[in-house]
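For reference, the structure discussed in these notes is given below.
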Amino acid sequence: MGVTDGTTGLGLTPTPDTGERLIEVHDHLRDELDRVRDLVRQVRDGAIDAGGARSAINEMTMRQNDWALGAYCAYYCRFVTGHHTLEDEAVFPHLRAMEAGLEPVIDRLTDEHKIIHQVLNDVDQALVDHLRNPADFTGLQQAVDVLTDALLSHLAYEESQLVEPLARHGFYDGQL
């Protein structure tokens with residue numbers, strides 16, 4: 001996930017309002033987190049179509065719903081991990097080089113990325129455990145609740161600390 005192709009690596013064209021692009025990506029992560037939470041609720045409540053996408057899938061079994069939930073959660077975990085990897089490998093080193101005062105902020109964000117990575121692994125394990133015992137949603141719900149709290153707190157902190165520096169320096173050298 002390099003940023004040498006003239007984009008942010010997230011499919012966004014660089015513009016002077018780069019700080020706002022971070023919020024757009026985070027809003028996407030928030031929306032997707034809402035979908036994960038909704039899928040867990042739908043499956044837990046016995047909804048036939050966990051994704052709610054088409055009425056044609058209304059005859060799915062619970063096991064198929066659990067598979068759809070697992071596939072969607074896996075997609076979400078990969079997206080969050082990719083976003084954090086891009087920040088850790090490209091954006092944060094660039095911001096460190098441009099503004100030394102951001103060092104403690106970037107250190108905290110990097111540490112939070114490690115924590116969120118573990119929380120994502122915990123969600124994955126909770127999904128595996130749930131498939132072994134489909135009647136019990138306790139562990140899965142707890143894991144998703146921890147993910148929600150950790151990720152929303154992280155995104156809010158990152159935005160409060162990095163929107164302005166990103167507007168000044170961009171996501172990578174030469175962007176602005």
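If you're wondering about the labels, chains in the structure tokens are A, B, ... by order shown, residues count from 1 in each chain, ligands from 1 in order shown.
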Skipping near chain neighbours, those fewer than 6 positions away, what residues fall within 12 Å of A:Gly101 using only C-alpha atoms, listed as a CSV table (one decimal) with all heavy atoms, in the first residue's frame?
```csv
chain,number,residue,atom,x,y,z
A,95,LEU,N,4.8,12.8,8.5
A,95,LEU,CA,4.4,13.9,9.4
A,95,LEU,C,5.5,14.1,10.5
A,95,LEU,O,5.8,15.2,10.9
A,95,LEU,CB,3.1,13.6,10.1
A,95,LEU,CG,1.9,13.7,9.2
A,95,LEU,CD1,0.6,13.2,9.9
A,95,LEU,CD2,1.7,15.1,8.7
A,107,ASP,N,3.3,8.7,18.3
A,107,ASP,CA,3.6,7.6,19.1
A,107,ASP,C,2.4,7.0,19.7
A,107,ASP,O,2.2,5.7,19.7
A,107,ASP,CB,4.6,8.0,20.3
A,107,ASP,CG,6.0,8.2,19.8
A,107,ASP,OD1,6.3,7.9,18.6
A,107,ASP,OD2,6.8,8.8,20.5
A,161,GLN,N,-6.0,15.6,16.4
A,161,GLN,CA,-4.6,15.9,16.4
A,161,GLN,C,-4.0,16.1,15.0
A,161,GLN,O,-3.0,16.8,14.8
A,161,GLN,CB,-3.9,14.9,17.1
A,161,GLN,CG,-4.3,14.7,18.6
A,161,GLN,CD,-4.0,16.0,19.4
A,161,GLN,OE1,-2.9,16.6,19.3
A,161,GLN,NE2,-5.1,16.5,20.0
A,162,LEU,N,-4.6,15.4,14.0
A,162,LEU,CA,-3.9,15.4,12.7
A,162,LEU,C,-4.5,16.1,11.5
A,162,LEU,O,-3.9,16.3,10.5
A,162,LEU,CB,-3.7,13.9,12.2
A,162,LEU,CG,-2.7,13.1,13.1
A,162,LEU,CD1,-2.5,11.7,12.5
A,162,LEU,CD2,-1.4,13.8,13.4
A,165,PRO,N,-2.4,19.3,10.8
A,165,PRO,CA,-1.0,19.0,10.3
A,165,PRO,C,-1.1,18.4,8.9
A,165,PRO,O,-0.3,18.7,8.0
A,165,PRO,CB,-0.4,18.0,11.3
A,165,PRO,CG,-1.1,18.4,12.6
A,165,PRO,CD,-2.5,18.8,12.2
```
task = Take atom CA of A:Leu102 and atom CA of A:His117 and report the distance between them in Å, one decimal.
result =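 Going from atom CA of A:Leu102 over to atom CA of A:His117 covers 22.3 Å.
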query = Which one of A:His154, A:Arg44, A:Arg35, A:Arg132 sits closest to A:His113 if you count only C-alpha atoms?
reply =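 Result for the nearest residue to A:His113: A:His154.
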remark   = The distance between atom CA of A:Glu99 and atom CA of A:Ala150 is 26.3 Å
Leaving out A:Val144 and any residue of its chain fewer than 3 positions from it, which residues lie within 10 Å of it when counting only C-alpha atoms, given as a JSON list (two decimals) with all heavy atoms, in the first residue's frame?
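File written: selection.json
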```json
[["chain", "number", "residue", "atom", "x", "y", "z"],
["A", 33, "LEU", "N", -18.37, 0.18, 10.68],
["A", 33, "LEU", "CA", -18.49, -0.36, 12.03],
["A", 33, "LEU", "C", -19.96, -0.47, 12.42],
["A", 33, "LEU", "O", -20.37, -1.47, 13.02],
["A", 33, "LEU", "CB", -17.73, 0.51, 13.03],
["A", 33, "LEU", "CG", -17.76, 0.06, 14.48],
["A", 33, "LEU", "CD1", -17.14, -1.33, 14.64],
["A", 33, "LEU", "CD2", -17.01, 1.07, 15.35],
["A", 36, "VAL", "N", -21.20, -3.60, 10.84],
["A", 36, "VAL", "CA", -20.77, -4.79, 11.57],
["A", 36, "VAL", "C", -21.66, -4.99, 12.78],
["A", 36, "VAL", "O", -22.16, -6.10, 13.03],
["A", 36, "VAL", "CB", -19.28, -4.69, 12.00],
["A", 36, "VAL", "CG1", -18.92, -5.78, 13.00],
["A", 36, "VAL", "CG2", -18.37, -4.75, 10.78],
["A", 37, "ARG", "N", -21.88, -3.92, 13.53],
["A", 37, "ARG", "CA", -22.73, -4.02, 14.72],
["A", 37, "ARG", "C", -24.15, -4.44, 14.35],
["A", 37, "ARG", "O", -24.76, -5.26, 15.03],
["A", 37, "ARG", "CB", -22.73, -2.70, 15.49],
["A", 37, "ARG", "CG", -21.37, -2.35, 16.09],
["A", 37, "ARG", "CD", -21.41, -1.07, 16.90],
["A", 37, "ARG", "NE", -22.29, -1.22, 18.04],
["A", 37, "ARG", "CZ", -21.98, -1.88, 19.16],
["A", 37, "ARG", "NH1", -20.82, -2.45, 19.29],
["A", 37, "ARG", "NH2", -22.85, -1.95, 20.15],
["A", 40, "VAL", "N", -24.27, -8.18, 13.52],
["A", 40, "VAL", "CA", -24.27, -8.98, 14.75],
["A", 40, "VAL", "C", -25.68, -8.97, 15.35],
["A", 40, "VAL", "O", -26.21, -10.02, 15.74],
["A", 40, "VAL", "CB", -23.23, -8.45, 15.76],
["A", 40, "VAL", "CG1", -23.41, -9.13, 17.12],
["A", 40, "VAL", "CG2", -21.82, -8.66, 15.23],
["A", 73, "CYS", "N", -17.20, -9.17, 8.53],
["A", 73, "CYS", "CA", -16.27, -8.76, 9.59],
["A", 73, "CYS", "C", -14.83, -8.90, 9.12],
["A", 73, "CYS", "O", -13.99, -8.06, 9.43],
["A", 73, "CYS", "CB", -16.51, -9.57, 10.86],
["A", 73, "CYS", "SG", -18.02, -9.12, 11.74],
["A", 119, "VAL", "N", -7.46, -6.08, 19.12],
["A", 119, "VAL", "CA", -8.92, -6.11, 19.28],
["A", 119, "VAL", "C", -9.57, -6.73, 18.05],
["A", 119, "VAL", "O", -10.54, -7.51, 18.17],
["A", 119, "VAL", "CB", -9.46, -4.68, 19.56],
["A", 119, "VAL", "CG1", -10.97, -4.64, 19.49],
["A", 119, "VAL", "CG2", -8.97, -4.19, 20.92],
["A", 120, "LEU", "N", -9.06, -6.42, 16.85],
["A", 120, "LEU", "CA", -9.58, -7.04, 15.63],
["A", 120, "LEU", "C", -9.36, -8.56, 15.66],
["A", 120, "LEU", "O", -10.24, -9.33, 15.25],
["A", 120, "LEU", "CB", -8.94, -6.43, 14.39],
["A", 120, "LEU", "CG", -9.34, -4.98, 14.09],
["A", 120, "LEU", "CD1", -8.45, -4.40, 12.99],
["A", 120, "LEU", "CD2", -10.80, -4.89, 13.70],
["A", 122, "ASP", "N", -9.25, -10.30, 18.34],
["A", 122, "ASP", "CA", -10.22, -10.78, 19.32],
["A", 122, "ASP", "C", -11.61, -10.93, 18.70],
["A", 122, "ASP", "O", -12.34, -11.88, 19.01],
["A", 122, "ASP", "CB", -10.29, -9.84, 20.53],
["A", 122, "ASP", "CG", -9.00, -9.82, 21.34],
["A", 122, "ASP", "OD1", -8.14, -10.71, 21.15],
["A", 122, "ASP", "OD2", -8.85, -8.88, 22.15],
["A", 123, "VAL", "N", -11.99, -10.00, 17.82],
["A", 123, "VAL", "CA", -13.28, -10.10, 17.12],
["A", 123, "VAL", "C", -13.27, -11.35, 16.25],
["A", 123, "VAL", "O", -14.24, -12.12, 16.23],
["A", 123, "VAL", "CB", -13.58, -8.84, 16.29],
["A", 123, "VAL", "CG1", -14.77, -9.05, 15.36],
["A", 123, "VAL", "CG2", -13.82, -7.64, 17.20],
["A", 124, "ASP", "N", -12.17, -11.56, 15.53],
["A", 124, "ASP", "CA", -12.06, -12.75, 14.68],
["A", 124, "ASP", "C", -12.20, -14.02, 15.52],
["A", 124, "ASP", "O", -12.94, -14.95, 15.15],
["A", 124, "ASP", "CB", -10.72, -12.73, 13.94],
["A", 124, "ASP", "CG", -10.59, -13.90, 13.00],
["A", 124, "ASP", "OD1", -11.43, -14.02, 12.08],
["A", 124, "ASP", "OD2", -9.66, -14.70, 13.17],
["A", 126, "ALA", "N", -13.66, -14.30, 18.40],
["A", 126, "ALA", "CA", -15.05, -14.36, 18.89],
["A", 126, "ALA", "C", -15.99, -14.90, 17.82],
["A", 126, "ALA", "O", -16.94, -15.64, 18.13],
["A", 126, "ALA", "CB", -15.50, -12.98, 19.36],
["A", 127, "LEU", "N", -15.72, -14.56, 16.56],
["A", 127, "LEU", "CA", -16.52, -15.12, 15.46],
["A", 127, "LEU", "C", -16.32, -16.63, 15.35],
["A", 127, "LEU", "O", -17.29, -17.38, 15.18],
["A", 127, "LEU", "CB", -16.15, -14.45, 14.14],
["A", 127, "LEU", "CG", -16.77, -13.08, 13.89],
["A", 127, "LEU", "CD1", -16.04, -12.37, 12.75],
["A", 127, "LEU", "CD2", -18.25, -13.22, 13.59],
["A", 139, "GLY", "N", -19.68, -13.49, 23.83],
["A", 139, "GLY", "CA", -18.30, -13.15, 23.50],
["A", 139, "GLY", "C", -18.20, -12.29, 22.26],
["A", 139, "GLY", "O", -17.40, -11.35, 22.21],
["A", 140, "LEU", "N", -19.00, -12.60, 21.25],
["A", 140, "LEU", "CA", -18.98, -11.82, 20.02],
["A", 140, "LEU", "C", -19.45, -10.39, 20.28],
["A", 140, "LEU", "O", -18.81, -9.43, 19.83],
["A", 140, "LEU", "CB", -19.85, -12.48, 18.95],
["A", 140, "LEU", "CG", -19.92, -11.77, 17.61],
["A", 140, "LEU", "CD1", -18.54, -11.58, 17.00],
["A", 140, "LEU", "CD2", -20.83, -12.54, 16.66],
["A", 141, "GLN", "N", -20.53, -10.25, 21.03],
["A", 141, "GLN", "CA", -21.03, -8.90, 21.33],
["A", 141, "GLN", "C", -20.01, -8.11, 22.14],
["A", 141, "GLN", "O", -19.76, -6.93, 21.87],
["A", 141, "GLN", "CB", -22.36, -8.97, 22.08],
["A", 141, "GLN", "CG", -23.02, -7.62, 22.26],
["A", 141, "GLN", "CD", -23.44, -7.02, 20.93],
["A", 141, "GLN", "OE1", -24.22, -7.60, 20.19],
["A", 141, "GLN", "NE2", -22.91, -5.84, 20.61],
["A", 147, "LEU", "N", -14.24, -3.28, 20.29],
["A", 147, "LEU", "CA", -13.79, -2.69, 19.03],
["A", 147, "LEU", "C", -14.42, -1.33, 18.82],
["A", 147, "LEU", "O", -13.74, -0.37, 18.46],
["A", 147, "LEU", "CB", -14.12, -3.61, 17.86],
["A", 147, "LEU", "CG", -13.81, -3.04, 16.47],
["A", 147, "LEU", "CD1", -12.33, -2.75, 16.30],
["A", 147, "LEU", "CD2", -14.32, -3.99, 15.39],
["A", 148, "THR", "N", -15.70, -1.23, 19.05],
["A", 148, "THR", "CA", -16.41, 0.05, 18.88],
["A", 148, "THR", "C", -15.80, 1.13, 19.75],
["A", 148, "THR", "O", -15.47, 2.22, 19.27],
["A", 148, "THR", "CB", -17.91, -0.12, 19.20],
["A", 148, "THR", "OG1", -18.46, -1.10, 18.31],
["A", 148, "THR", "CG2", -18.66, 1.18, 19.06],
["A", 149, "ASP", "N", -15.64, 0.84, 21.03],
["A", 149, "ASP", "CA", -15.09, 1.84, 21.95],
["A", 149, "ASP", "C", -13.67, 2.24, 21.56],
["A", 149, "ASP", "O", -13.34, 3.42, 21.50],
["A", 149, "ASP", "CB", -15.10, 1.31, 23.39],
["A", 149, "ASP", "CG", -16.51, 1.14, 23.95],
["A", 149, "ASP", "OD1", -17.46, 1.68, 23.36],
["A", 149, "ASP", "OD2", -16.65, 0.44, 24.97],
["A", 150, "ALA", "N", -12.82, 1.24, 21.29],
["A", 150, "ALA", "CA", -11.42, 1.53, 20.97],
["A", 150, "ALA", "C", -11.29, 2.29, 19.66],
["A", 150, "ALA", "O", -10.54, 3.28, 19.58],
["A", 150, "ALA", "CB", -10.61, 0.23, 20.90]]
```
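Non-sequential neighbours of A:Glu103 (distance at most 10 Å, separation of 6 or more positions within a chain, only C-alpha atoms) are A:Phe92, A:Pro93, A:Leu95, A:Arg96, A:Ala97, A:Leu109.
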Write the residues of the preceding selection, restricted to C-alpha atoms, as a PDB file, in the first residue's frame.
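Printed below is result_6.pdb as written:
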```pdb
ATOM      1  CA  PHE A  92       3.247   9.004  10.102  1.00  0.00           C
ATOM      2  CA  PRO A  93       6.919   8.975   9.010  1.00  0.00           C
ATOM      3  CA  LEU A  95       4.432  13.875   9.448  1.00  0.00           C
ATOM      4  CA  ARG A  96       7.266  13.095  11.901  1.00  0.00           C
ATOM      5  CA  ALA A  97       9.765  14.495   9.393  1.00  0.00           C
ATOM      6  CA  LEU A 109      -1.560   6.652  17.523  1.00  0.00           C
TER       7      LEU A 109
END
```
Once DSSP has gone over the backbone, tell me which residues of stretch 71-111 of chain A are in alpha helix (DSSP H), as a PDB file with N, CA and C atoms, in the first residue's frame.
```
ATOM      1  N   ALA A  71     -17.728 -13.140   6.915  1.00  0.00           N
ATOM      2  CA  ALA A  71     -17.100 -12.576   5.718  1.00  0.00           C
ATOM      3  C   ALA A  71     -17.078 -11.057   5.798  1.00  0.00           C
ATOM      4  N   TYR A  72     -18.168 -10.468   6.248  1.00  0.00           N
ATOM      5  CA  TYR A  72     -18.217  -9.012   6.335  1.00  0.00           C
ATOM      6  C   TYR A  72     -17.250  -8.504   7.400  1.00  0.00           C
ATOM      7  N   CYS A  73     -17.201  -9.166   8.533  1.00  0.00           N
ATOM      8  CA  CYS A  73     -16.273  -8.760   9.594  1.00  0.00           C
ATOM      9  C   CYS A  73     -14.829  -8.904   9.118  1.00  0.00           C
ATOM     10  N   ALA A  74     -14.544  -9.977   8.363  1.00  0.00           N
ATOM     11  CA  ALA A  74     -13.187 -10.161   7.848  1.00  0.00           C
ATOM     12  C   ALA A  74     -12.826  -9.023   6.901  1.00  0.00           C
ATOM     13  N   TYR A  75     -13.758  -8.627   6.044  1.00  0.00           N
ATOM     14  CA  TYR A  75     -13.522  -7.499   5.131  1.00  0.00           C
ATOM     15  C   TYR A  75     -13.214  -6.240   5.945  1.00  0.00           C
ATOM     16  N   TYR A  76     -14.026  -5.977   6.952  1.00  0.00           N
ATOM     17  CA  TYR A  76     -13.857  -4.775   7.759  1.00  0.00           C
ATOM     18  C   TYR A  76     -12.499  -4.784   8.471  1.00  0.00           C
ATOM     19  N   CYS A  77     -12.140  -5.926   9.041  1.00  0.00           N
ATOM     20  CA  CYS A  77     -10.849  -6.027   9.732  1.00  0.00           C
ATOM     21  C   CYS A  77      -9.703  -5.758   8.769  1.00  0.00           C
ATOM     22  N   ARG A  78      -9.785  -6.287   7.540  1.00  0.00           N
ATOM     23  CA  ARG A  78      -8.730  -6.037   6.544  1.00  0.00           C
ATOM     24  C   ARG A  78      -8.666  -4.560   6.191  1.00  0.00           C
ATOM     25  N   PHE A  79      -9.812  -3.902   6.059  1.00  0.00           N
ATOM     26  CA  PHE A  79      -9.835  -2.490   5.692  1.00  0.00           C
ATOM     27  C   PHE A  79      -9.186  -1.637   6.792  1.00  0.00           C
ATOM     28  N   VAL A  80      -9.556  -1.884   8.036  1.00  0.00           N
ATOM     29  CA  VAL A  80      -8.981  -1.130   9.158  1.00  0.00           C
ATOM     30  C   VAL A  80      -7.472  -1.376   9.225  1.00  0.00           C
ATOM     31  N   THR A  81      -7.061  -2.634   9.096  1.00  0.00           N
ATOM     32  CA  THR A  81      -5.636  -2.955   9.142  1.00  0.00           C
ATOM     33  C   THR A  81      -4.888  -2.273   8.004  1.00  0.00           C
ATOM     34  N   GLY A  82      -5.453  -2.270   6.811  1.00  0.00           N
ATOM     35  CA  GLY A  82      -4.825  -1.596   5.673  1.00  0.00           C
ATOM     36  C   GLY A  82      -4.683  -0.106   5.899  1.00  0.00           C
ATOM     37  N   HIS A  83      -5.716   0.500   6.430  1.00  0.00           N
ATOM     38  CA  HIS A  83      -5.689   1.932   6.738  1.00  0.00           C
ATOM     39  C   HIS A  83      -4.572   2.237   7.738  1.00  0.00           C
ATOM     40  N   HIS A  84      -4.490   1.453   8.798  1.00  0.00           N
ATOM     41  CA  HIS A  84      -3.468   1.685   9.821  1.00  0.00           C
ATOM     42  C   HIS A  84      -2.065   1.398   9.289  1.00  0.00           C
ATOM     43  N   THR A  85      -1.927   0.388   8.450  1.00  0.00           N
ATOM     44  CA  THR A  85      -0.621   0.085   7.863  1.00  0.00           C
ATOM     45  C   THR A  85      -0.145   1.252   7.003  1.00  0.00           C
ATOM     46  N   LEU A  86      -1.039   1.807   6.215  1.00  0.00           N
ATOM     47  CA  LEU A  86      -0.692   2.963   5.388  1.00  0.00           C
ATOM     48  C   LEU A  86      -0.234   4.130   6.262  1.00  0.00           C
ATOM     49  N   PHE A  92       2.619   8.598   8.846  1.00  0.00           N
ATOM     50  CA  PHE A  92       3.247   9.004  10.102  1.00  0.00           C
ATOM     51  C   PHE A  92       4.726   9.346   9.938  1.00  0.00           C
ATOM     52  N   PRO A  93       5.521   8.564   9.209  1.00  0.00           N
ATOM     53  CA  PRO A  93       6.919   8.975   9.010  1.00  0.00           C
ATOM     54  C   PRO A  93       7.025  10.340   8.318  1.00  0.00           C
ATOM     55  N   HIS A  94       6.150  10.589   7.363  1.00  0.00           N
ATOM     56  CA  HIS A  94       6.144  11.885   6.676  1.00  0.00           C
ATOM     57  C   HIS A  94       5.827  13.012   7.674  1.00  0.00           C
ATOM     58  N   LEU A  95       4.798  12.828   8.490  1.00  0.00           N
ATOM     59  CA  LEU A  95       4.432  13.875   9.448  1.00  0.00           C
ATOM     60  C   LEU A  95       5.513  14.068  10.513  1.00  0.00           C
ATOM     61  N   ARG A  96       6.155  12.984  10.937  1.00  0.00           N
ATOM     62  CA  ARG A  96       7.266  13.095  11.901  1.00  0.00           C
ATOM     63  C   ARG A  96       8.381  13.959  11.314  1.00  0.00           C
ATOM     64  N   ALA A  97       8.691  13.743  10.048  1.00  0.00           N
ATOM     65  CA  ALA A  97       9.765  14.495   9.393  1.00  0.00           C
ATOM     66  C   ALA A  97       9.397  15.961   9.209  1.00  0.00           C
ATOM     67  N   MET A  98       8.130  16.240   9.035  1.00  0.00           N
ATOM     68  CA  MET A  98       7.694  17.603   8.764  1.00  0.00           C
ATOM     69  C   MET A  98       7.464  18.421  10.031  1.00  0.00           C
ATOM     70  N   GLU A 103       5.507  14.188  17.414  1.00  0.00           N
ATOM     71  CA  GLU A 103       6.083  12.912  17.865  1.00  0.00           C
ATOM     72  C   GLU A 103       5.234  12.213  18.929  1.00  0.00           C
ATOM     73  N   PRO A 104       4.835  12.870  20.033  1.00  0.00           N
ATOM     74  CA  PRO A 104       4.047  12.155  21.042  1.00  0.00           C
ATOM     75  C   PRO A 104       2.670  11.730  20.524  1.00  0.00           C
ATOM     76  N   VAL A 105       2.082  12.528  19.656  1.00  0.00           N
ATOM     77  CA  VAL A 105       0.776  12.183  19.083  1.00  0.00           C
ATOM     78  C   VAL A 105       0.922  10.937  18.218  1.00  0.00           C
ATOM     79  N   ILE A 106       1.931  10.935  17.354  1.00  0.00           N
ATOM     80  CA  ILE A 106       2.138   9.807  16.452  1.00  0.00           C
ATOM     81  C   ILE A 106       2.521   8.554  17.234  1.00  0.00           C
ATOM     82  N   ASP A 107       3.309   8.709  18.290  1.00  0.00           N
ATOM     83  CA  ASP A 107       3.633   7.554  19.135  1.00  0.00           C
ATOM     84  C   ASP A 107       2.362   6.954  19.735  1.00  0.00           C
ATOM     85  N   ARG A 108       1.487   7.809  20.242  1.00  0.00           N
ATOM     86  CA  ARG A 108       0.231   7.316  20.824  1.00  0.00           C
ATOM     87  C   ARG A 108      -0.619   6.627  19.766  1.00  0.00           C
ATOM     88  N   LEU A 109      -0.747   7.245  18.586  1.00  0.00           N
ATOM     89  CA  LEU A 109      -1.560   6.652  17.523  1.00  0.00           C
ATOM     90  C   LEU A 109      -0.994   5.306  17.071  1.00  0.00           C
ATOM     91  N   THR A 110       0.326   5.224  16.986  1.00  0.00           N
ATOM     92  CA  THR A 110       0.965   3.961  16.600  1.00  0.00           C
ATOM     93  C   THR A 110       0.686   2.883  17.643  1.00  0.00           C
ATOM     94  N   ASP A 111       0.784   3.246  18.920  1.00  0.00           N
ATOM     95  CA  ASP A 111       0.453   2.297  19.988  1.00  0.00           C
ATOM     96  C   ASP A 111      -1.005   1.871  19.916  1.00  0.00           C
TER      97      ASP A 111
END
```
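Among A:Glu20, A:His26, A:Ala143, A:Ala100, the residue with the shortest atom-to-atom distance to A:Gln118, counting only C-alpha atoms, is A:Ala143.
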key: Option closest in space to A:Phe171, from A:Val91, A:Ile23, A:Ala135, A:Val43 [counting only C-alpha atoms]   =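 Answer, going by the shortest atom-to-atom distance: A:Val91.
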